[in-house]
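Text of entry.cif, listed as mmCIF, C-alpha atoms:
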data_my_file
loop_
_atom_site.group_PDB
_atom_site.id
_atom_site.type_symbol
_atom_site.label_atom_id
_atom_site.label_comp_id
_atom_site.auth_asym_id
_atom_site.auth_seq_id
_atom_site.Cartn_x
_atom_site.Cartn_y
_atom_site.Cartn_z
ATOM 1 C CA MET U 1182 24.684 10.415 -80.108
ATOM 2 C CA PRO U 1183 27.264 7.715 -79.293
ATOM 3 C CA THR U 1184 26.721 4.386 -81.008
ATOM 4 C CA LEU U 1185 26.953 0.971 -79.414
ATOM 5 C CA GLU U 1186 29.962 -1.227 -80.124
ATOM 6 C CA PHE U 1187 28.928 -4.041 -77.827
ATOM 7 C CA PHE U 1188 26.895 -4.761 -74.714
ATOM 8 C CA VAL U 1189 27.237 -7.912 -72.683
ATOM 9 C CA VAL U 1190 26.540 -9.289 -69.214
ATOM 10 C CA ALA U 1191 29.232 -11.532 -67.765
ATOM 11 C CA GLU U 1192 30.687 -12.691 -64.484
ATOM 12 C CA SER U 1193 33.955 -10.815 -64.489
ATOM 13 C CA PHE U 1194 36.337 -8.750 -66.550
ATOM 14 C CA SER U 1195 39.988 -7.870 -66.648
ATOM 15 C CA ILE U 1196 41.896 -4.976 -68.181
ATOM 16 C CA ASP U 1197 45.529 -5.483 -69.064
ATOM 17 C CA ARG U 1198 47.558 -2.756 -67.416
ATOM 18 C CA GLN U 1199 50.098 -2.528 -70.213
ATOM 19 C CA SER U 1200 47.861 -2.688 -73.243
ATOM 20 C CA ASN U 1201 44.520 -1.502 -71.819
ATOM 21 C CA ARG U 1202 42.952 -4.515 -73.492
ATOM 22 C CA LEU U 1203 39.656 -5.710 -72.094
ATOM 23 C CA SER U 1204 38.845 -9.355 -71.447
ATOM 24 C CA ILE U 1205 35.380 -10.484 -70.438
ATOM 25 C CA PHE U 1206 34.894 -13.823 -68.726
ATOM 26 C CA ASN U 1207 31.889 -16.139 -68.558
ATOM 27 C CA ILE U 1208 29.097 -14.401 -70.392
ATOM 28 C CA VAL U 1209 25.896 -14.967 -68.450
ATOM 29 C CA GLU U 1210 23.285 -16.432 -70.771
ATOM 30 C CA THR U 1211 21.527 -19.081 -68.731
ATOM 31 C CA LEU U 1212 21.419 -19.631 -65.016
ATOM 32 C CA THR U 1213 20.081 -22.800 -63.468
ATOM 33 C CA ALA U 1214 19.467 -23.519 -59.824
ATOM 34 C CA GLU U 1215 17.795 -26.302 -57.931
ATOM 35 C CA GLU U 1216 16.619 -24.005 -55.178
ATOM 36 C CA PHE U 1217 15.617 -20.391 -55.051
ATOM 37 C CA PRO U 1218 16.596 -17.823 -54.005
ATOM 38 C CA VAL U 1219 20.095 -18.186 -55.335
ATOM 39 C CA VAL U 1220 22.836 -15.622 -55.621
ATOM 40 C CA LEU U 1221 25.403 -15.003 -58.322
ATOM 41 C CA PRO U 1222 28.528 -13.822 -56.472
ATOM 42 C CA SER U 1223 29.527 -11.248 -59.071
ATOM 43 C CA MET U 1224 28.258 -9.887 -62.333
ATOM 44 C CA VAL U 1225 29.456 -7.185 -64.698
ATOM 45 C CA VAL U 1226 27.522 -5.335 -67.349
ATOM 46 C CA VAL U 1227 29.879 -4.115 -70.045
ATOM 47 C CA THR U 1228 28.903 -1.409 -72.502
ATOM 48 C CA CYS U 1229 31.310 -0.165 -75.145
ATOM 49 C CA LEU U 1230 30.446 3.004 -77.024
ATOM 50 C CA ASN U 1231 31.819 4.770 -80.074
ATOM 51 C CA LEU U 1232 31.827 8.540 -79.956
ATOM 52 C CA THR U 1233 32.507 11.236 -82.499
ATOM 53 C CA ASP U 1234 35.042 14.023 -82.070
ATOM 54 C CA ASP U 1235 32.167 16.467 -81.533
ATOM 55 C CA GLU U 1236 31.004 14.492 -78.512
ATOM 56 C CA LEU U 1237 34.324 14.528 -76.680
ATOM 57 C CA GLY U 1238 34.068 16.402 -73.414
ATOM 58 C CA GLU U 1239 30.302 15.936 -73.176
ATOM 59 C CA ASP U 1240 28.603 14.256 -70.218
ATOM 60 C CA PHE U 1241 26.504 11.165 -70.745
ATOM 61 C CA GLN U 1242 24.466 8.849 -68.573
ATOM 62 C CA VAL U 1243 23.809 5.170 -69.100
ATOM 63 C CA LEU U 1244 20.969 3.749 -67.078
ATOM 64 C CA LEU U 1245 20.618 0.021 -66.549
ATOM 65 C CA ASN U 1246 17.164 -1.407 -65.877
ATOM 66 C CA VAL U 1247 16.786 -5.021 -64.878
ATOM 67 C CA CYS U 1248 13.277 -6.274 -65.598
ATOM 68 C CA SER U 1249 11.414 -9.530 -65.255
ATOM 69 C CA GLY U 1250 7.849 -9.252 -66.387
ATOM 70 C CA GLY U 1251 6.682 -6.113 -64.652
ATOM 71 C CA ASP U 1252 9.125 -6.466 -61.778
ATOM 72 C CA SER U 1253 12.587 -5.092 -61.116
ATOM 73 C CA PRO U 1254 14.100 -8.148 -59.430
ATOM 74 C CA LEU U 1255 17.376 -6.438 -58.585
ATOM 75 C CA GLY U 1256 15.989 -3.029 -57.718
ATOM 76 C CA GLY U 1257 17.556 -0.118 -59.497
ATOM 77 C CA PRO U 1258 17.672 1.449 -62.041
ATOM 78 C CA PHE U 1259 21.446 1.682 -61.952
ATOM 79 C CA PRO U 1260 22.788 4.944 -63.333
ATOM 80 C CA THR U 1261 26.361 5.558 -64.410
ATOM 81 C CA ASN U 1262 27.560 8.950 -65.565
ATOM 82 C CA PHE U 1263 30.680 9.583 -67.602
ATOM 83 C CA LYS U 1264 32.450 12.299 -69.509
ATOM 84 C CA ALA U 1265 33.550 11.346 -73.019
ATOM 85 C CA GLN U 1266 37.332 11.513 -73.135
ATOM 86 C CA SER U 1267 38.130 9.399 -76.159
ATOM 87 C CA ARG U 1268 36.418 8.116 -79.264
ATOM 88 C CA ARG U 1269 35.758 4.797 -77.627
ATOM 89 C CA HIS U 1270 34.461 4.558 -74.089
ATOM 90 C CA ARG U 1271 33.823 1.540 -71.909
ATOM 91 C CA VAL U 1272 31.270 1.607 -69.136
ATOM 92 C CA ILE U 1273 31.452 -1.272 -66.690
ATOM 93 C CA GLN U 1274 28.750 -1.687 -64.076
ATOM 94 C CA SER U 1275 29.863 -4.186 -61.484
ATOM 95 C CA PHE U 1276 27.531 -5.966 -59.069
ATOM 96 C CA GLN U 1277 28.262 -8.066 -56.029
ATOM 97 C CA GLY U 1278 25.824 -10.605 -54.696
ATOM 98 C CA VAL U 1279 23.160 -10.726 -57.390
ATOM 99 C CA PRO U 1280 20.065 -12.482 -56.057
ATOM 100 C CA PHE U 1281 17.559 -14.382 -58.161
ATOM 101 C CA SER U 1282 14.366 -15.301 -56.356
ATOM 102 C CA LYS U 1283 12.631 -17.408 -59.000
ATOM 103 C CA PRO U 1284 12.974 -18.800 -62.499
ATOM 104 C CA GLY U 1285 12.113 -16.594 -65.452
ATOM 105 C CA ASP U 1286 13.563 -14.332 -68.120
ATOM 106 C CA ILE U 1287 15.577 -11.387 -66.863
ATOM 107 C CA ARG U 1288 16.108 -8.502 -69.263
ATOM 108 C CA PHE U 1289 19.037 -6.165 -68.806
ATOM 109 C CA GLU U 1290 18.098 -2.998 -70.648
ATOM 110 C CA GLN U 1291 20.639 -0.255 -71.095
ATOM 111 C CA THR U 1292 19.657 3.261 -72.056
ATOM 112 C CA LEU U 1293 21.877 6.156 -73.009
ATOM 113 C CA ASN U 1294 20.593 9.607 -72.086
ATOM 114 C CA GLY U 1295 17.114 8.105 -71.973
ATOM 115 C CA ASP U 1296 17.263 6.344 -75.348
ATOM 116 C CA HIS U 1297 17.236 2.568 -75.538
ATOM 117 C CA LEU U 1298 20.715 1.266 -76.316
ATOM 118 C CA ALA U 1299 20.766 -2.510 -75.913
ATOM 119 C CA THR U 1300 19.181 -5.503 -74.216
ATOM 120 C CA HIS U 1301 20.683 -8.689 -72.831
ATOM 121 C CA LEU U 1302 18.395 -11.584 -71.976
ATOM 122 C CA LEU U 1303 19.248 -13.932 -69.133
ATOM 123 C CA GLU U 1304 17.247 -17.102 -68.756
ATOM 124 C CA VAL U 1305 16.900 -18.274 -65.163
ATOM 125 C CA LYS U 1306 15.823 -21.899 -65.002
ATOM 126 C CA HIS U 1307 14.810 -24.324 -62.334
ATOM 127 C CA ALA U 1308 16.861 -27.509 -62.462
ATOM 128 C CA ALA U 1309 15.638 -30.800 -61.122
ATOM 129 C CA PRO U 1310 17.754 -31.946 -58.170
ATOM 130 C CA ALA U 1311 20.462 -34.287 -59.309
ATOM 131 C CA SER U 1312 21.354 -37.456 -57.510
ATOM 132 C CA ASP U 1313 24.467 -37.605 -55.361
ATOM 133 C CA SER U 1314 25.470 -40.796 -57.125
ATOM 134 C CA PRO U 1315 27.581 -40.189 -60.215
ATOM 135 C CA HIS U 1316 26.171 -43.349 -61.830
ATOM 136 C CA SER U 1317 22.492 -42.661 -61.492
ATOM 137 C CA MET P 834 55.448 -4.822 -88.373
ATOM 138 C CA LYS P 835 51.811 -4.478 -89.344
ATOM 139 C CA LYS P 836 52.644 -5.806 -92.812
ATOM 140 C CA CYS P 837 54.660 -8.634 -91.262
ATOM 141 C CA SER P 838 57.757 -7.458 -93.110
ATOM 142 C CA LEU P 839 59.453 -6.832 -89.767
ATOM 143 C CA ASP P 840 59.377 -8.995 -86.717
ATOM 144 C CA GLU P 841 60.041 -8.108 -83.107
ATOM 145 C CA SER P 842 63.509 -9.591 -83.077
ATOM 146 C CA SER P 843 64.584 -7.395 -85.977
ATOM 147 C CA VAL P 844 63.356 -4.365 -84.036
ATOM 148 C CA ALA P 845 65.318 -5.552 -81.017
ATOM 149 C CA ARG P 846 68.403 -6.012 -83.200
ATOM 150 C CA PHE P 847 67.901 -2.543 -84.661
ATOM 151 C CA VAL P 848 67.686 -1.027 -81.177
ATOM 152 C CA ALA P 849 70.800 -2.921 -80.084
ATOM 153 C CA GLU P 850 72.602 -1.665 -83.176
ATOM 154 C CA LEU P 851 71.633 1.913 -82.393
ATOM 155 C CA LEU P 852 72.707 1.575 -78.784
ATOM 156 C CA SER P 853 76.117 0.265 -79.777
ATOM 157 C CA SER P 854 77.092 3.845 -80.551
ATOM 158 C CA PHE P 855 75.977 5.083 -77.126
ATOM 159 C CA GLU P 856 78.649 6.947 -75.209
ATOM 160 C CA ARG P 857 78.345 8.078 -71.643
ATOM 161 C CA GLY P 858 78.379 11.855 -71.311
ATOM 162 C CA ALA P 859 77.719 12.521 -75.011
ATOM 163 C CA GLN P 860 74.371 13.292 -76.616
ATOM 164 C CA PHE P 861 73.081 10.041 -78.114
ATOM 165 C CA ARG P 862 72.948 10.661 -81.840
ATOM 166 C CA HIS P 863 70.096 8.197 -82.417
ATOM 167 C CA ASP P 864 67.854 9.772 -79.810
ATOM 168 C CA LEU P 865 65.333 10.930 -82.406
ATOM 169 C CA THR P 866 65.420 7.573 -84.160
ATOM 170 C CA LEU P 867 64.541 5.809 -80.920
ATOM 171 C CA ALA P 868 61.755 8.323 -80.335
ATOM 172 C CA ALA P 869 60.367 7.648 -83.812
ATOM 173 C CA LEU P 870 60.518 3.929 -83.176
ATOM 174 C CA ALA P 871 58.575 4.365 -79.937
ATOM 175 C CA VAL P 872 55.839 6.168 -81.853
ATOM 176 C CA ALA P 873 55.885 3.541 -84.598
ATOM 177 C CA VAL P 874 55.194 0.711 -82.174
ATOM 178 C CA GLU P 875 52.487 2.542 -80.248
ATOM 179 C CA ALA P 876 49.751 0.285 -81.596
ATOM 180 C CA THR P 877 51.791 -2.908 -81.354
ATOM 181 C CA PHE P 878 51.096 -4.940 -78.241
ATOM 182 C CA SER P 879 53.593 -7.636 -77.407
ATOM 183 C CA PRO P 880 55.833 -8.428 -74.453
ATOM 184 C CA GLN P 881 58.951 -7.255 -76.286
ATOM 185 C CA VAL P 882 57.423 -3.973 -77.359
ATOM 186 C CA ASP P 883 56.068 -3.468 -73.852
ATOM 187 C CA LEU P 884 59.531 -4.063 -72.461
ATOM 188 C CA PHE P 885 61.140 -1.706 -74.974
ATOM 189 C CA LEU P 886 58.703 1.116 -74.208
ATOM 190 C CA ASP P 887 58.784 0.495 -70.484
ATOM 191 C CA ARG P 888 62.560 0.542 -70.250
ATOM 192 C CA LEU P 889 62.882 3.542 -72.536
ATOM 193 C CA ALA P 890 60.272 5.432 -70.525
ATOM 194 C CA ARG P 891 62.137 4.720 -67.282
ATOM 195 C CA LEU P 892 65.399 6.154 -68.582
ATOM 196 C CA ARG P 893 66.368 9.349 -66.837
ATOM 197 C CA ILE P 894 69.697 10.134 -68.435
ATOM 198 C CA SER P 895 70.789 13.314 -70.126
ATOM 199 C CA GLU P 896 72.186 11.431 -73.153
ATOM 200 C CA ILE P 897 68.712 10.289 -74.316
ATOM 201 C CA PRO P 898 66.309 13.075 -73.364
ATOM 202 C CA ILE P 899 63.787 12.957 -76.213
ATOM 203 C CA ALA P 900 63.203 9.236 -76.756
ATOM 204 C CA SER P 901 62.491 8.562 -73.100
ATOM 205 C CA ARG P 902 60.028 11.423 -72.920
ATOM 206 C CA ILE P 903 58.304 10.247 -76.099
ATOM 207 C CA ALA P 904 58.147 6.690 -74.730
ATOM 208 C CA ARG P 905 56.379 7.988 -71.627
ATOM 209 C CA LEU P 906 53.859 9.800 -73.802
ATOM 210 C CA VAL P 907 53.353 6.697 -75.942
ATOM 211 C CA LEU P 908 52.717 4.571 -72.860
ATOM 212 C CA LYS P 909 50.276 7.141 -71.530
ATOM 213 C CA SER P 910 48.457 7.178 -74.842
ATOM 214 C CA ARG P 911 48.345 3.367 -75.037
ATOM 215 C CA ARG P 912 46.746 3.210 -71.614
ATOM 216 C CA ALA P 913 44.258 6.022 -72.112
ATOM 217 C CA GLU P 914 42.335 4.736 -75.111
ATOM 218 C CA PRO P 915 39.610 3.544 -74.829
ATOM 219 C CA SER P 916 38.623 5.430 -71.722
ATOM 220 C CA LEU P 917 36.831 3.628 -68.945
ATOM 221 C CA THR P 918 34.168 4.229 -66.341
ATOM 222 C CA VAL P 919 33.597 1.586 -63.681
ATOM 223 C CA LYS P 920 30.833 1.762 -61.118
ATOM 224 C CA SER P 921 30.146 -0.864 -58.488
ATOM 225 C CA PHE P 922 26.799 -1.680 -56.975
ATOM 226 C CA ALA P 923 26.044 -3.911 -54.017
ATOM 227 C CA LEU P 924 22.580 -5.387 -54.069
ATOM 228 C CA ASP P 925 20.295 -5.876 -51.122
ATOM 229 C CA CYS P 926 19.752 -9.623 -50.916
ATOM 230 C CA ARG P 927 17.697 -9.199 -47.763
ATOM 231 C CA ARG P 928 14.778 -7.803 -49.750
ATOM 232 C CA LEU P 929 14.098 -11.359 -50.941
ATOM 233 C CA GLY P 930 13.380 -12.412 -47.392
ATOM 234 C CA GLU P 931 15.059 -15.796 -47.460
ATOM 235 C CA PRO P 932 18.721 -16.275 -46.599
ATOM 236 C CA MET P 933 20.793 -16.839 -49.715
ATOM 237 C CA LYS P 934 22.478 -20.150 -50.317
ATOM 238 C CA GLU P 935 26.207 -19.821 -50.405
ATOM 239 C CA LEU P 936 27.491 -21.224 -53.627
ATOM 240 C CA ASP P 937 30.167 -23.792 -53.843
ATOM 241 C CA PRO P 938 32.450 -22.945 -56.795
ATOM 242 C CA LEU P 939 31.614 -26.312 -58.297
ATOM 243 C CA ASP P 940 27.931 -25.668 -57.919
ATOM 244 C CA HIS P 941 27.825 -22.427 -59.835
ATOM 245 C CA PRO P 942 24.411 -21.607 -61.308
ATOM 246 C CA CYS P 943 25.909 -20.610 -64.648
ATOM 247 C CA LEU P 944 27.307 -24.064 -65.165
ATOM 248 C CA PRO P 945 25.112 -26.657 -66.882
ATOM 249 C CA PRO P 946 23.439 -28.850 -64.258
ATOM 250 C CA ALA P 947 25.015 -32.000 -65.658
ATOM 251 C CA THR P 948 28.488 -30.733 -64.835
ATOM 252 C CA ARG P 949 27.659 -29.480 -61.385
ATOM 253 C CA ARG P 950 28.505 -31.328 -58.270
ATOM 254 C CA ILE P 951 25.691 -31.607 -55.786
ATOM 255 C CA GLN P 952 27.380 -29.963 -52.912
ATOM 256 C CA ARG P 953 25.874 -26.869 -51.502
ATOM 257 C CA ALA P 954 27.071 -25.194 -48.421
ATOM 258 C CA HIS P 955 24.287 -23.996 -46.195
ATOM 259 C CA GLY P 956 24.256 -20.679 -44.485
ATOM 260 C CA THR P 957 23.532 -17.108 -45.240
ATOM 261 C CA HIS P 958 25.074 -14.862 -47.813
ATOM 262 C CA PRO P 959 27.097 -12.040 -46.212
ATOM 263 C CA ALA P 960 24.889 -9.032 -45.789
ATOM 264 C CA PRO P 961 25.750 -6.583 -48.578
ATOM 265 C CA GLU P 962 25.599 -2.835 -48.457
ATOM 266 C CA VAL P 963 22.224 -1.572 -49.552
ATOM 267 C CA PHE P 964 22.203 0.034 -52.962
ATOM 268 C CA HIS P 965 20.399 3.339 -53.203
ATOM 269 C CA ALA P 966 19.317 4.454 -56.641
ATOM 270 C CA ASP P 967 20.818 7.897 -56.134
ATOM 271 C CA ALA P 968 24.269 6.484 -55.186
#
Written form, C-alpha cells:
Amino acid sequence: MPTLEFFVVAESFSIDRQSNRLSIFNIVETLTAEEFPVVLPSMVVVTCLNLTDDELGEDFQVLLNVCSGGDSPLGGPFPTNFKAQSRRHRVIQSFQGVPFSKPGDIRFEQTLNGDHLATHLLEVKHAAPASDSPHS
Amino acid sequence: MKKCSLDESSVARFVAELLSSFERGAQFRHDLTLAALAVAVEATFSPQVDLFLDRLARLRISEIPIASRIARLVLKSRRAEPSLTVKSFALDCRRLGEPMKELDPLDHPCLPPATRRIQRAHGTHPAPEVFHADA
C-alpha cells in the first residue's frame, strides 16, 4: 500500500512548469470570522504518496471526508481516482467557494482505498467584531 | 555540481568550449558529450540548466541529432516525476440557506483578526455548480 509523504490543506498551490516543483501557499489552520456563514474562496487539499515499483500501474482511490462533530459541513465525500505512474504521486483536490456555517473544529480525513491515511484539523472561530477606529 | 565542485558557469563555459568546434554541415563531434551532460544535469534545477536543456531540446539540426533528442527526453522525465492528479470540486453554498458574504481580500478569514480591516462587501456569493458525490 502506498505510504503518505505529506497531507496538508491550504488555500492555493502552484507547480513550476520547468521543474515540476510544487509550492503550497497559506496552509489553512485557523479561520476566524465575525459573521457566519462565511466562505473561503478557494481551498486545496494536497496529498503526496510514495509508491513501490510493484504498485506502478495500479488504480487507487483517495476519499476525502470533511467532518464536524457528526456532520459533513461541506457535503461529500470527495473521491479522487488515480493510476500510479511514478514512485511519487501527488493528489490535489481543489475546492471553490468553501462555506462555513458556524464555528467549530473541522476535520479533513483522507482515506486511501478505504484505509485511513491522514487528518488535518481546521479550527473555525468566531471573532468579536472589531471597531472601525484603528486607535480603539 | 551536487558536490559543489562545479558551478553553473563552468558548465556553461564547458558547453561554449565544445560548441567552438561546431561546423555547419559536419557531424558535431561532441554530440555524445552534450547528450551525457544533459543526462548529468537532469536533477539540477536552475535557470541556466533549464535554459541549456530547453535550447538543446529545441535544436532540430542534423549536426547534433543525439544530444537534442536526449535533452527532450530529459525534459520529459523532469516534468513527469512526481506524477499528479488534480480534481476540482465546486461546493453548494446554497445548502446553508443564507447568502454568503463576499470577502474583501483584506478581510480574509484566515488572517488573524487583529490584522484584518473591517470592510466587508455585502451581497451574495456567486452561485456555484452543485457538487455530486459521484462526479
With 8 Å of padding per side, what axis-aligned box (centre and edge lengths, Å, one decimal) covers all the listed atoms of segment 840-858 of chain P? Give it as JSON.
{"center_x": 69.0, "center_y": 1.1, "center_z": -79.0, "size_x": 35.3, "size_y": 37.4, "size_z": 31.4}
Contact residues around segment 847-853 of chain P with only C-alpha atoms at 8 Å, ignoring same-chain residues under 4 positions, as a count of residues only: 3
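In this model, the gap between atom CA of Leu1185 of chain U and atom CA of His1270 of chain U comes to 9.9 Å.
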The PyMOL selection byres ((chain U and resi 1197-1199) around 9) applied to the shown file, residues as a ChimeraX atom specification: /U:1195-1196,1200-1204 /P:878,883,908,911-912
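Closest approach to chain P among U:Ala1191, U:Leu1232, U:Ala1214, U:Met1224 is made by U:Ala1214 (distances from only C-alpha atoms).
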Shortest interatomic distance to chain P - which of U:Val1243, U:Val1272, U:Cys1229, U:Leu1303, counting all atoms listed in the file: U:Val1272
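Of the listed residues P:Ala890, P:Ala859, P:Ala904, P:Leu884, the one whose atoms come nearest to chain U is P:Leu884, with distances taken using all atoms listed in the file.
Applied to this file, the PyMOL selection byres ((chain U and resi 1250-1256) around 8) selects U:Asn1246, U:Val1247, U:Cys1248, U:Ser1249, U:Gly1257, U:Pro1258, U:Val1279, U:Pro1280, U:Phe1281, U:Ser1282, U:Asp1286, P:Leu924.
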Nearest-residue call for chain U, choices P:Leu917, P:Ala873, P:Ile894, P:Leu886, using all atoms listed in the file: P:Leu917
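When all atoms listed in the file are used to measure the gap to chain P, the shortest distance among U:Gly1295, U:Phe1217, U:Ile1273, U:Glu1210 belongs to U:Ile1273.
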Straight-line distance linking atom CA of Gly858 of chain P with atom CA of Arg888 of chain P, stated in Å to one decimal: 19.5 Å
One-decimal distance in Å that lies between atom CA of Thr877 of chain P and atom CA of Phe1188 of chain U: 25.8 Å
Reference answer for the PyMOL selection byres ((chain U and resi 1262) around 12), as a ChimeraX atom specification: /U:1239-1245,1259-1261,1263-1265,1270-1274,1292-1294 /P:917-920,967-968
Nearest-residue call for chain U, choices P:Asp864, P:Glu896, P:Glu856, P:Glu875, using all atoms listed in the file: P:Glu875
Starting from the structure just given, write a file holding segment 1276-1309 of chain U with C-alpha atoms, as an mmCIF file, in the first residue's frame.
data_model
loop_
_atom_site.group_PDB
_atom_site.id
_atom_site.type_symbol
_atom_site.label_atom_id
_atom_site.label_comp_id
_atom_site.auth_asym_id
_atom_site.auth_seq_id
_atom_site.Cartn_x
_atom_site.Cartn_y
_atom_site.Cartn_z
ATOM 1 C CA PHE U 1276 -12.431 23.423 -3.993
ATOM 2 C CA GLN U 1277 -14.054 26.689 -4.930
ATOM 3 C CA GLY U 1278 -16.336 28.555 -2.589
ATOM 4 C CA VAL U 1279 -15.954 26.653 0.669
ATOM 5 C CA PRO U 1280 -18.741 27.631 3.060
ATOM 6 C CA PHE U 1281 -18.511 27.532 6.835
ATOM 7 C CA SER U 1282 -21.814 27.959 8.624
ATOM 8 C CA LYS U 1283 -20.658 28.077 12.243
ATOM 9 C CA PRO U 1284 -17.610 27.949 14.475
ATOM 10 C CA GLY U 1285 -16.147 24.583 15.404
ATOM 11 C CA ASP U 1286 -13.442 22.072 14.559
ATOM 12 C CA ILE U 1287 -13.455 20.774 11.006
ATOM 13 C CA ARG U 1288 -11.608 17.533 10.340
ATOM 14 C CA PHE U 1289 -10.360 16.735 6.869
ATOM 15 C CA GLU U 1290 -9.904 12.981 6.797
ATOM 16 C CA GLN U 1291 -8.257 11.338 3.836
ATOM 17 C CA THR U 1292 -8.543 7.633 3.173
ATOM 18 C CA LEU U 1293 -6.729 5.547 0.608
ATOM 19 C CA ASN U 1294 -8.638 2.561 -0.753
ATOM 20 C CA GLY U 1295 -10.765 2.696 2.382
ATOM 21 C CA ASP U 1296 -7.893 2.864 4.880
ATOM 22 C CA HIS U 1297 -7.340 5.978 6.953
ATOM 23 C CA LEU U 1298 -4.390 7.948 5.603
ATOM 24 C CA ALA U 1299 -4.242 11.330 7.326
ATOM 25 C CA THR U 1300 -6.208 14.018 9.129
ATOM 26 C CA HIS U 1301 -5.955 17.794 9.048
ATOM 27 C CA LEU U 1302 -7.735 19.816 11.709
ATOM 28 C CA LEU U 1303 -9.102 23.255 10.915
ATOM 29 C CA GLU U 1304 -10.305 25.414 13.759
ATOM 30 C CA VAL U 1305 -13.140 27.754 12.811
ATOM 31 C CA LYS U 1306 -13.539 30.525 15.358
ATOM 32 C CA HIS U 1307 -15.949 33.322 15.986
ATOM 33 C CA ALA U 1308 -14.191 36.667 16.279
ATOM 34 C CA ALA U 1309 -15.621 39.586 18.164
#
